[in-house]
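Content type compact mmCIF, C-alpha atoms, from the file model_12.txt:
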# COMPACT_ATOMS: atom_id res chain seq x y z
CA MET A 20 -0.38 -25.39 6.70
CA GLY A 21 -3.98 -24.96 7.68
CA ARG A 22 -6.88 -23.72 5.64
CA ARG A 23 -8.19 -25.49 2.59
CA ALA A 24 -6.69 -24.00 -0.55
CA GLU A 25 -8.45 -23.78 -3.90
CA TYR A 26 -6.61 -21.38 -6.16
CA THR A 27 -6.61 -20.72 -9.88
CA ILE A 28 -4.00 -18.65 -11.71
CA LEU A 29 -4.81 -16.64 -14.82
CA ILE A 30 -2.46 -14.80 -17.18
CA THR A 31 -4.03 -11.78 -18.89
CA ASP A 32 -3.02 -9.05 -21.30
CA PRO A 33 -1.74 -5.72 -19.86
CA ALA A 34 -5.24 -4.21 -19.74
CA GLY A 35 -6.70 -7.21 -17.92
CA SER A 36 -9.32 -7.63 -20.63
CA THR A 37 -8.25 -10.97 -22.13
CA THR A 38 -6.98 -14.23 -20.64
CA VAL A 39 -4.07 -15.22 -22.86
CA CYS A 40 -3.56 -18.87 -21.87
CA ASP A 41 -5.53 -21.68 -20.28
CA PRO A 42 -6.13 -21.29 -16.52
CA ILE A 43 -3.50 -22.87 -14.27
CA GLU A 44 -5.04 -25.17 -11.69
CA ALA A 45 -3.33 -26.91 -8.80
CA GLY A 46 -0.98 -29.70 -9.86
CA ASP A 47 -0.67 -33.06 -8.11
CA PRO A 48 2.92 -33.86 -7.08
CA ARG A 49 1.98 -37.50 -6.40
CA THR A 50 0.80 -38.21 -9.92
CA GLY A 51 2.84 -35.65 -11.81
CA GLU A 52 -0.32 -33.80 -12.87
CA PRO A 53 0.86 -30.44 -14.31
CA GLY A 54 -0.22 -27.16 -12.74
CA TRP A 55 0.91 -24.79 -10.02
CA SER A 56 2.87 -26.22 -7.08
CA GLU A 57 3.43 -23.12 -4.93
CA ILE A 58 2.02 -19.60 -4.61
CA ARG A 59 3.58 -16.89 -2.45
CA LEU A 60 1.77 -13.57 -1.99
CA GLY A 61 2.65 -10.43 -0.03
CA PRO A 62 -0.25 -7.93 -0.23
CA ARG A 63 0.34 -4.63 1.58
CA LEU A 64 -1.75 -1.63 2.61
CA ASN A 65 -1.39 1.19 0.05
CA GLU A 66 1.92 -0.26 -1.14
CA ALA A 67 2.82 -2.42 -4.13
CA GLY A 68 3.30 -5.92 -2.72
CA SER A 69 4.81 -8.75 -4.72
CA GLY A 70 4.20 -12.43 -5.34
CA THR A 71 5.60 -15.52 -7.00
CA ILE A 72 4.00 -18.54 -8.60
CA THR A 73 5.72 -21.83 -9.36
CA CYS A 74 4.12 -24.02 -11.99
CA THR A 75 4.69 -26.43 -14.84
CA ALA A 76 6.40 -24.70 -17.78
CA ARG A 77 3.67 -25.36 -20.33
CA PRO A 78 4.41 -23.81 -23.73
CA ASP A 79 1.31 -21.58 -23.58
CA ILE A 80 2.26 -20.31 -20.09
CA LEU A 81 5.84 -19.61 -21.20
CA ALA A 82 4.61 -17.61 -24.17
CA ALA A 83 2.15 -15.68 -22.00
CA VAL A 84 4.51 -14.66 -19.18
CA ASN A 85 7.29 -13.66 -21.59
CA ASP A 86 5.01 -11.25 -23.46
CA PRO A 87 5.82 -7.73 -22.09
CA ASP A 88 3.50 -6.38 -19.39
CA ASN A 89 1.15 -9.37 -19.28
CA ARG A 90 -0.36 -9.86 -15.84
CA VAL A 91 -0.77 -12.61 -13.25
CA VAL A 92 -4.14 -12.94 -11.51
CA VAL A 93 -4.27 -15.21 -8.45
CA ARG A 94 -7.87 -16.14 -7.74
CA ARG A 95 -9.08 -17.96 -4.65
CA GLU A 96 -12.08 -20.17 -5.24
CA ASP A 97 -14.76 -20.29 -2.57
CA PRO A 98 -15.08 -23.93 -1.41
CA THR A 99 -18.71 -23.28 -0.43
CA GLY A 100 -19.67 -22.27 -3.96
CA GLY A 101 -19.60 -18.50 -3.56
CA SER A 102 -17.92 -16.03 -5.87
CA PRO A 103 -14.12 -16.31 -6.20
CA THR A 104 -11.95 -13.48 -4.90
CA VAL A 105 -8.74 -12.05 -6.36
CA GLU A 106 -6.03 -12.38 -3.71
CA MET A 107 -3.44 -10.48 -5.78
CA ALA A 108 -2.94 -9.40 -9.37
CA GLY A 109 -0.39 -7.41 -11.31
CA PRO A 110 2.25 -7.28 -14.05
CA VAL A 111 4.91 -9.95 -14.55
CA GLU A 112 8.38 -8.80 -13.53
CA LEU A 113 10.56 -11.90 -13.88
CA PRO A 114 9.76 -15.29 -15.44
CA LYS A 115 12.44 -17.87 -14.59
CA HIS A 116 12.34 -21.19 -16.48
CA GLY A 117 14.49 -24.10 -15.40
CA TYR A 118 14.63 -27.85 -15.87
CA GLU A 119 16.85 -30.87 -15.34
CA ALA A 120 17.21 -33.20 -18.32
CA ALA A 121 16.42 -36.91 -17.85
CA ARG A 122 18.05 -39.47 -20.11
CA ASP A 123 14.74 -41.14 -20.89
CA GLY A 124 13.05 -37.82 -21.69
CA SER A 125 10.48 -38.26 -18.93
CA ASP A 126 11.32 -35.07 -17.08
CA GLY A 127 8.50 -33.10 -18.73
CA PRO A 128 8.60 -29.42 -19.67
CA GLY A 129 10.36 -28.26 -16.52
CA ARG A 130 9.36 -25.79 -13.84
CA LEU A 131 8.58 -22.10 -14.18
CA THR A 132 8.80 -19.51 -11.40
CA VAL A 133 7.16 -16.15 -12.11
CA THR A 134 7.62 -13.03 -9.97
CA PHE A 135 4.95 -10.36 -10.30
CA ALA A 136 4.03 -7.05 -8.66
CA ASP A 137 0.72 -5.96 -7.21
CA ASP A 138 -1.22 -3.58 -9.50
CA LEU A 139 -0.41 -0.74 -7.08
CA VAL A 140 2.96 -0.64 -8.84
CA LEU A 141 1.15 1.22 -11.65
CA PRO A 142 0.75 4.56 -9.77
CA ALA A 143 4.35 4.16 -8.59
CA GLU A 144 5.36 4.51 -12.23
CA ARG A 145 3.68 7.89 -12.75
CA LEU A 146 4.63 11.40 -11.68
CA VAL A 147 2.12 14.03 -10.63
CA PHE A 148 2.26 16.64 -13.38
CA PRO A 149 1.65 20.24 -12.20
CA ASN A 150 -0.75 20.58 -15.13
CA PRO A 151 -1.81 17.07 -16.22
CA ALA A 152 -3.40 18.46 -19.39
CA LEU A 153 0.03 19.44 -20.74
CA ALA A 154 2.98 17.32 -21.82
CA ALA A 155 6.07 17.27 -19.60
CA THR A 156 7.92 19.59 -21.99
CA ALA A 157 5.09 22.15 -21.94
CA GLN A 158 4.72 22.62 -18.18
CA THR A 159 4.79 26.24 -16.98
CA THR A 160 3.89 25.76 -13.30
CA THR A 161 5.71 23.88 -10.54
CA LYS A 162 2.85 22.52 -8.43
CA TYR A 163 -0.40 20.62 -8.67
CA THR A 164 -2.67 22.17 -6.05
CA ILE A 165 -5.61 20.67 -4.17
CA THR A 166 -7.85 23.12 -2.33
CA SER A 167 -10.64 21.96 0.01
CA VAL A 168 -11.40 18.68 -1.76
CA ASN A 169 -12.77 15.46 -0.27
CA PRO A 170 -9.82 13.01 0.05
CA GLU A 171 -11.51 10.25 -1.96
CA ASP A 172 -12.33 12.71 -4.74
CA ALA A 173 -8.79 14.09 -4.66
CA ALA A 174 -7.26 10.60 -4.97
CA ARG A 175 -9.59 9.62 -7.81
CA THR A 176 -8.90 12.84 -9.70
CA LEU A 177 -5.12 12.46 -9.34
CA VAL A 178 -5.25 8.92 -10.74
CA ASP A 179 -7.65 9.86 -13.53
CA LEU A 180 -5.54 12.81 -14.74
CA ASN A 181 -2.11 11.16 -14.43
CA ALA A 182 -2.73 7.50 -15.29
CA GLY A 183 -6.42 6.96 -16.11
CA PRO A 184 -8.81 7.86 -18.94
CA GLY A 185 -8.47 11.59 -18.19
CA ALA A 186 -4.70 11.53 -18.72
CA LEU A 187 -2.89 12.43 -21.92
CA PRO A 188 -3.19 9.43 -24.31
CA ALA A 189 0.50 8.52 -23.95
CA ARG A 190 0.16 8.42 -20.13
CA TRP A 191 -3.00 6.32 -19.87
CA THR A 192 -2.30 2.92 -18.36
CA PRO A 193 -4.07 0.29 -20.50
CA GLY A 194 -7.33 -0.82 -18.89
CA LEU A 195 -7.11 1.52 -15.87
CA VAL A 196 -10.43 3.23 -15.06
CA LEU A 197 -12.12 4.69 -12.00
CA GLY A 198 -14.23 2.19 -10.10
CA ALA A 199 -17.27 2.88 -7.95
CA HIS A 200 -17.30 6.02 -5.83
CA ASN A 201 -17.69 4.79 -2.24
CA GLY A 202 -18.36 8.16 -0.55
CA THR A 203 -15.76 7.64 2.17
CA LEU A 204 -15.15 10.39 4.76
CA PRO A 205 -18.08 12.63 3.73
CA GLY A 206 -17.78 16.22 4.88
CA ILE A 207 -13.98 16.02 5.18
CA THR A 208 -11.75 18.12 2.92
CA ILE A 209 -8.01 18.52 2.49
CA SER A 210 -5.72 21.12 0.94
CA THR A 211 -2.21 20.37 -0.26
CA SER A 212 0.07 20.59 -3.27
CA PHE A 213 2.53 18.33 -5.07
CA THR A 214 5.62 19.40 -6.99
CA ARG A 215 6.56 18.06 -10.41
CA ASP A 216 8.82 15.28 -9.09
CA VAL A 217 6.32 13.63 -6.73
CA VAL A 218 5.41 10.02 -7.56
CA LEU A 219 1.66 9.39 -7.86
CA SER A 220 1.65 6.58 -5.28
CA ASP A 221 3.40 8.83 -2.72
CA ALA A 222 0.83 11.56 -3.39
CA LEU A 223 -2.00 9.09 -2.82
CA ARG A 224 -0.54 8.00 0.52
CA GLU A 225 -0.23 11.65 1.56
CA ILE A 226 -3.86 12.31 0.61
CA VAL A 227 -5.20 9.44 2.71
CA ARG A 228 -2.97 10.48 5.62
CA LEU A 229 -4.25 14.05 5.49
CA GLY A 230 -7.82 12.79 5.20
CA ALA A 231 -7.43 10.57 8.26
CA VAL A 232 -5.96 13.41 10.32
CA ALA A 233 -8.74 15.80 9.22
CA ALA A 234 -11.39 13.19 10.10
CA GLY A 235 -9.80 12.47 13.48
CA ILE A 236 -9.45 8.74 12.77
CA TYR A 237 -5.66 8.46 12.36
CA PRO A 238 -3.92 5.93 12.38
CA ARG A 239 -6.92 4.41 10.63
CA ARG A 240 -6.99 5.55 7.02
CA GLN A 241 -8.54 4.99 3.62
CA ARG A 242 -7.26 2.18 1.44
CA PHE A 243 -6.73 2.64 -2.29
CA ARG A 244 -6.70 -0.40 -4.54
CA ILE A 245 -6.67 -1.45 -8.18
CA LEU A 246 -9.08 -4.34 -8.73
CA PRO A 247 -9.34 -6.45 -11.89
CA GLU A 248 -13.08 -6.49 -12.61
CA GLY A 249 -15.09 -6.87 -15.79
CA GLY A 250 -12.03 -6.91 -18.03
CA GLN A 251 -10.75 -3.61 -16.60
CA LEU A 252 -8.44 -2.40 -13.83
CA ARG A 253 -10.62 -0.38 -11.48
CA PHE A 254 -9.12 2.15 -9.06
CA VAL A 255 -11.18 2.42 -5.87
CA VAL A 256 -10.85 4.11 -2.48
CA GLU A 257 -12.34 2.31 0.51
CA LEU A 258 -12.45 2.85 4.28
CA PRO A 259 -11.53 -0.41 6.04
CA PRO A 260 -13.56 -1.13 9.19
CA ASP A 261 -12.76 -0.26 12.78
CA LEU A 262 -12.65 -3.68 14.46
CA SER A 263 -10.66 -2.61 17.50
CA GLN A 264 -13.44 -3.73 19.86
CA SER A 265 -13.91 -7.18 18.32
CA VAL A 266 -10.59 -8.35 16.82
CA ILE A 267 -7.85 -8.56 19.45
CA PHE A 268 -4.31 -9.93 19.18
CA SER A 269 -2.60 -11.09 22.36
CA ARG A 270 -0.13 -13.76 23.41
CA ALA A 271 -2.72 -14.94 25.92
CA LEU A 272 -5.18 -15.59 23.07
CA GLY A 273 -2.62 -17.63 21.13
CA ASN A 274 -2.85 -15.57 17.95
CA VAL A 275 0.55 -13.80 18.09
CA GLU A 276 3.59 -15.46 16.55
CA VAL A 277 6.21 -12.72 17.03
CA ALA A 278 5.91 -9.25 18.59
CA ASP A 279 8.38 -6.36 18.61
CA TYR A 280 7.73 -3.42 20.93
CA ALA A 281 10.17 -0.48 20.88
CA PRO A 282 8.73 2.93 21.86
CA GLU A 283 10.71 6.03 20.88
CA ALA A 284 10.81 9.48 22.51
CA PRO A 285 9.96 12.45 20.28
CA THR A 286 12.70 14.54 18.70
CA ASP A 287 10.35 17.50 17.99
CA THR A 288 7.12 18.64 19.64
CA VAL A 289 6.94 22.28 18.47
CA ALA A 290 7.60 23.42 14.89
CA ILE A 291 8.38 27.07 14.09
CA VAL A 292 7.65 27.45 10.38
CA GLY A 293 8.71 30.36 8.15
CA ASP A 294 8.12 31.32 4.53
CA ALA A 295 10.54 32.93 2.06
CA THR A 296 9.61 36.53 2.85
CA ALA A 297 12.25 38.59 4.61
CA GLY A 298 11.74 41.36 7.16
CA ALA A 299 8.56 42.57 8.76
CA GLY A 300 6.24 40.94 6.22
CA ARG A 301 7.48 37.44 6.88
CA ILE A 302 4.86 34.91 7.99
CA VAL A 303 5.87 32.61 10.83
CA LYS A 304 3.63 29.86 12.19
CA GLU A 305 3.95 27.81 15.36
CA ARG A 306 2.61 24.26 15.25
CA ILE A 307 2.38 22.18 18.43
CA ASN A 308 2.11 18.45 18.97
CA THR A 309 -0.55 18.84 21.65
CA ALA A 310 -0.97 15.08 22.12
CA ALA A 311 2.73 14.68 22.93
CA HIS A 312 2.60 17.46 25.51
CA THR A 313 -0.59 16.04 27.02
CA ASP A 314 1.19 12.70 27.41
CA GLY A 315 3.91 14.45 29.41
CA TRP A 316 6.72 14.95 26.86
CA ARG A 317 8.65 18.21 27.31
CA ARG A 318 8.79 20.98 24.70
CA ARG A 319 11.28 20.27 21.90
CA GLU A 320 11.47 23.02 19.25
CA VAL A 321 12.54 22.74 15.62
CA TRP A 322 12.83 25.35 12.84
CA VAL A 323 11.16 24.41 9.52
CA ASP A 324 12.24 26.26 6.38
CA ALA A 325 9.07 26.20 4.25
CA ARG A 326 10.10 28.74 1.65
CA GLY A 327 8.27 26.74 -1.03
CA ALA A 328 4.89 27.17 0.70
CA ALA A 329 2.33 29.11 -1.32
CA ASN A 330 0.01 30.06 1.57
CA ALA A 331 -0.59 29.75 5.31
CA THR A 332 -2.20 26.31 4.92
CA GLU A 333 0.96 24.92 3.30
CA LEU A 334 3.08 26.50 6.04
CA GLU A 335 0.99 24.72 8.67
CA GLN A 336 1.16 21.46 6.74
CA ALA A 337 4.97 21.66 6.55
CA GLY A 338 5.09 22.09 10.32
CA ASP A 339 2.64 19.27 10.95
CA ASP A 340 4.61 16.94 8.66
CA THR A 341 7.78 17.68 10.60
CA LEU A 342 6.05 17.01 13.91
CA ALA A 343 4.63 13.75 12.58
CA GLU A 344 8.13 12.63 11.60
CA GLY A 345 9.66 13.73 14.88
CA GLY A 346 6.84 12.78 17.23
CA PRO A 347 6.79 9.90 19.72
CA LYS A 348 6.62 6.47 18.09
CA VAL A 349 5.10 3.37 19.58
CA GLY A 350 7.23 1.16 17.33
CA PHE A 351 5.08 -1.95 17.70
CA THR A 352 4.65 -4.66 15.09
CA LEU A 353 3.53 -8.27 15.25
CA ARG A 354 3.07 -11.27 13.01
CA ALA A 355 -0.24 -12.91 13.77
CA ILE A 356 -1.46 -16.51 13.67
CA ASP A 357 -4.78 -17.50 12.14
CA THR A 358 -7.21 -18.88 14.71
CA PRO A 359 -10.89 -19.88 14.37
CA THR A 360 -11.96 -16.42 15.59
CA THR A 361 -9.27 -14.23 13.99
CA ARG A 362 -8.88 -15.31 10.36
CA TYR A 363 -7.21 -13.01 7.88
CA GLY A 364 -9.51 -12.25 4.95
CA TYR A 365 -12.57 -13.53 6.80
CA ASP A 366 -12.71 -11.77 10.17
CA TYR A 367 -10.59 -8.76 9.18
CA PRO A 368 -9.14 -7.32 5.93
CA ILE A 369 -6.00 -5.36 5.14
CA GLY A 370 -6.35 -1.83 6.48
CA ALA A 371 -8.68 -2.76 9.35
CA LEU A 372 -8.08 -1.19 12.75
CA VAL A 373 -7.66 -3.90 15.40
CA SER A 374 -6.41 -4.10 18.99
CA ALA A 375 -3.10 -5.59 20.03
CA GLU A 376 -1.37 -6.19 23.37
CA PRO A 377 2.37 -5.35 23.21
CA TYR A 378 2.76 -6.39 26.83
CA GLU A 379 0.40 -7.70 29.48
CA GLY A 380 -2.41 -5.30 30.27
CA GLN A 381 -1.41 -2.65 27.70
CA PHE A 382 -3.58 -2.53 24.57
CA VAL A 383 -3.04 -0.28 21.54
CA SER A 384 -4.93 0.25 18.30
CA ALA A 385 -3.04 -1.16 15.32
CA LEU A 386 -3.48 -1.50 11.56
CA VAL A 387 -3.44 -4.65 9.46
CA MET A 388 -0.63 -3.64 7.13
CA GLY A 389 -0.53 -6.77 4.99
CA ALA A 390 0.03 -10.51 5.02
CA ASP A 391 2.49 -13.15 3.83
CA ILE A 392 0.61 -16.04 2.19
CA THR A 393 2.09 -19.34 1.07
CA VAL A 394 -0.05 -21.92 -0.73
CA THR A 395 0.95 -25.49 -1.62
CA ALA A 396 -0.92 -28.73 -2.20
CA LYS A 397 -1.03 -29.19 1.58
CA GLY A 398 -3.00 -26.00 2.17
CA GLU A 399 -2.38 -22.32 2.78
CA ASP A 400 -0.30 -20.69 5.49
CA VAL A 401 -1.25 -17.07 6.28
CA THR A 402 0.80 -14.72 8.47
CA PRO A 403 -0.84 -11.29 8.86
CA ILE A 404 1.42 -8.29 9.59
CA ILE A 405 0.04 -5.80 12.09
CA GLY A 406 1.53 -2.57 13.38
CA VAL A 407 0.82 0.84 14.81
CA ASP A 408 1.83 2.78 11.69
CA GLY A 409 2.98 2.05 8.16
CA ASP A 410 6.37 3.66 8.81
CA GLN A 411 7.02 0.97 11.41
CA ILE A 412 6.39 -1.76 8.83
CA ALA A 413 7.97 -0.37 5.69
CA ASP A 414 11.66 -0.24 4.91
CA ARG A 415 12.99 2.59 7.12
CA LYS A 416 15.52 3.52 4.44
CA ALA A 417 12.73 4.02 1.91
CA ALA A 418 10.77 6.11 4.42
CA GLU A 419 13.80 8.32 5.00
CA ILE A 420 14.28 8.80 1.26
CA ARG A 421 10.64 9.90 0.92
CA ARG A 422 11.16 12.37 3.79
CA ILE A 423 14.23 13.88 2.12
CA LEU A 424 12.41 14.19 -1.21
CA ARG A 425 9.51 16.00 0.47
CA ARG A 426 11.94 18.50 2.01
CA LEU A 427 13.70 19.04 -1.32
CA ALA A 428 10.35 19.55 -3.03
CA LEU A 429 9.48 22.36 -0.59
CA LEU A 430 12.79 24.09 -1.29
CA GLU A 431 12.55 23.66 -5.07
CA GLY A 432 9.06 25.08 -5.06
CA ALA A 433 10.50 28.45 -4.07
CA LEU A 434 13.02 28.57 -6.94
Translate this structure into structure tokens?
Amino acid sequence: MGRRAEYTILITDPAGSTTVCDPIEAGDPRTGEPGWSEIRLGPRLNEAGSGTITCTARPDILAAVNDPDNRVVVRREDPTGGSPTVEMAGPVELPKHGYEAARDGSDGPGRLTVTFADDLVLPAERLVFPNPALAATAQTTTKYTITSVNPEDAARTLVDLNAGPGALPARWTPGLVLGAHNGTLPGITISTSFTRDVVLSDALREIVRLGAVAAGIYPRRQRFRILPEGGQLRFVVELPPDLSQSVIFSRALGNVEVADYAPEAPTDTVAIVGDATAGAGRIVKERINTAAHTDGWRRREVWVDARGAANATELEQAGDDTLAEGGPKVGFTLRAIDTPTTRYGYDYPIGALVSAEPYEGQFVSALVMGADITVTAKGEDVTPIIGVDGDQIADRKAAEIRRILRRLALLEGAL
């Protein structure tokens, strides 16, 4: 345990507009002062992290966390007197109340452990409707199409129409609104489409990936967040900073706890992509992973059946997606250690591009994908998670499922 910890926990209604019980401050295990005794947080980049809080089972807290869809807000107070920050917030998933009875009745109300999800679980609970203005039973098209739109604008529009104020009343998530427009990646546009079975959070990740590739900054990418502010849940898109010249992780610097380096050869470097047309009128595109060839990898061809593509742009995207999946992987992740010059949340945020040394003398650019935070009365222990790409951090099984669903969506789009 290291840094000084001053945390307050709030329980709010589903919209985040009202605090429904008294704030939960830190308890004192020496005196038996009620309050929270442990906080565990796992924020992630563009993914719904999760957290747990352990606290005294006060009657007002029990009532609050057992009310459906109420939310936990974990707020870190600034010891220097500045504004507090929200470390994580989101809906309650599991409140577990336990106690051991004492014969003299001095055991108190018992202990409560609450598991909650980050607010990014909200877009994971929505589908992208082909026509968001119509109910699911009234849909007549199979795709929602984006044509030459700035990635931040595309992400904001998708959220607004499928979960925000612009959605059908039954689909509007209570309290969810669009936050400030940050103007990230000006001059960059993307074109893509999403079929009726695509989850909103997956579509958002695809948008920021396409935007990063178009802007030439990949693996750096935009970060989308839902922030509890002013009694509302505000969806925002930001561009985390490029700190690769100033924030460096290396065993020699003493800020690396564990490192795992496992490069992989590509399975595909050239994609031949075809549409559904037969005969002489059929459109066939060839997409090449030029970077892989420049690095010295030999030509590896793969056929991509993109019969669901509506135009040449979607054909090219299908090929590029296949090459991204089958391209060379660095396969490097590390768990960092806070030091006076590399402090998570102070010197670098989630989503920042930093530099890391997988082995002596070899530096690569890597993303801050998240952190594991544990807070007790002794202080807070922070372990940042850093890697070359999100697919190297996330559950590989989940990534494979998303890949299969994307392929099925292309095929279904042609039916």
Exercise. Which residue out of A:His116, A:Arg59, A:Arg319, A:Arg244 has the minimum interatomic distance to A:Ile392 when all atoms listed in the file are used?
Worked result: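 So, comparing all the options, the nearest one is A:Arg59.
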Exercise. How many Å separate atom CA of A:Pro33 from atom CA of A:Pro110?
Worked result: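 So the two atoms, atom CA of A:Pro33 and atom CA of A:Pro110, lie 7.2 Å apart.
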For this session: Give me, please, the distance in Å between atom CA of A:Val323 and atom CA of A:Ala234, quoted to one decimal.
Result: 25.2 Å
Exercise. When you draw a straight line from atom CA of A:Thr208 to atom CA of A:Ala233, how long is it in Å?
Worked result: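 Straight-line distance from atom CA of A:Thr208 to atom CA of A:Ala233 works out to 7.4 Å.
The list of residues with at least one atom within 6 Å of A:Glu96, based on all atoms listed in the file and without residues fewer than 5 positions apart in the same chain, reads A:Glu25, A:Tyr26, A:Pro103.
When only C-alpha atoms are used to measure the gap to A:Asp41, the shortest distance among A:Val105, A:Leu141, A:Ala82, A:Ala186 belongs to A:Ala82.
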For this session: Name the residues within 6 Å of (-7.8, -8.3, 19.4), counting only C-alpha atoms in the file's coordinates, and put them as number ranges by chain.
Result: A: 266-268, 373-375
Mind writing the picked residues with C-alpha atoms as a PDB file, in the frame of the given file?
ATOM      1  CA  VAL A 266     -10.590  -8.350  16.820  1.00  0.00           C
ATOM      2  CA  ILE A 267      -7.850  -8.560  19.450  1.00  0.00           C
ATOM      3  CA  PHE A 268      -4.310  -9.930  19.180  1.00  0.00           C
ATOM      4  CA  VAL A 373      -7.660  -3.900  15.400  1.00  0.00           C
ATOM      5  CA  SER A 374      -6.410  -4.100  18.990  1.00  0.00           C
ATOM      6  CA  ALA A 375      -3.100  -5.590  20.030  1.00  0.00           C
TER       7      ALA A 375
END
Exercise. Which polymer residues have any atom within 9 Å of an atom of A:Gln251, counting only C-alpha atoms, with same-chain residues fewer than 5 positions away left out, as a ChimeraX atom specification?
Worked result: /A:34-36,193-196,246
Exercise. Pick from A:Leu252, A:Leu139, A:Asn150, A:Met107: nearest to A:Gly183, with only C-alpha atoms counted?
Worked result: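 Checking each of A:Leu252, A:Leu139, A:Asn150, A:Met107 against A:Gly183, counting only C-alpha atoms, the winner is A:Leu252.
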Exercise. Which residues come within 12 Å of A:Pro205, counting all atoms listed in the file, excluding same-chain residues fewer than 4 positions away, as a list in words?
Worked result: Val168, Asn169, Pro170, Glu171, Asp172, His200, Asn201, Ile209, Gly230, Ala231, Ala233, Ala234 and Leu258 of chain A
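Taking only C-alpha atoms into account, A:Ser269 lies nearest to A:Gly380 out of the set A:Gly206, A:Pro78, A:Gly380, A:Pro149.
Using all atoms listed in the file, the shortest contact distance between A:Val387 and any of A:Asp400, A:Asp86, A:Asp47, A:Asp366 is found at A:Asp366.
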Neighbouring residues of A:Ile80 were defined as those with any atom within 9 Å, considering all atoms listed in the file; residues of the same chain fewer than 5 positions away were excluded. Please report them as a CSV table (one decimal) with C-alpha atoms, in the coordinates of the input.
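The new file out_26.csv reads:
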chain,number,residue,atom,x,y,z
A,30,ILE,CA,-2.5,-14.8,-17.2
A,39,VAL,CA,-4.1,-15.2,-22.9
A,40,CYS,CA,-3.6,-18.9,-21.9
A,41,ASP,CA,-5.5,-21.7,-20.3
A,43,ILE,CA,-3.5,-22.9,-14.3
A,75,THR,CA,4.7,-26.4,-14.8
A,85,ASN,CA,7.3,-13.7,-21.6
A,131,LEU,CA,8.6,-22.1,-14.2
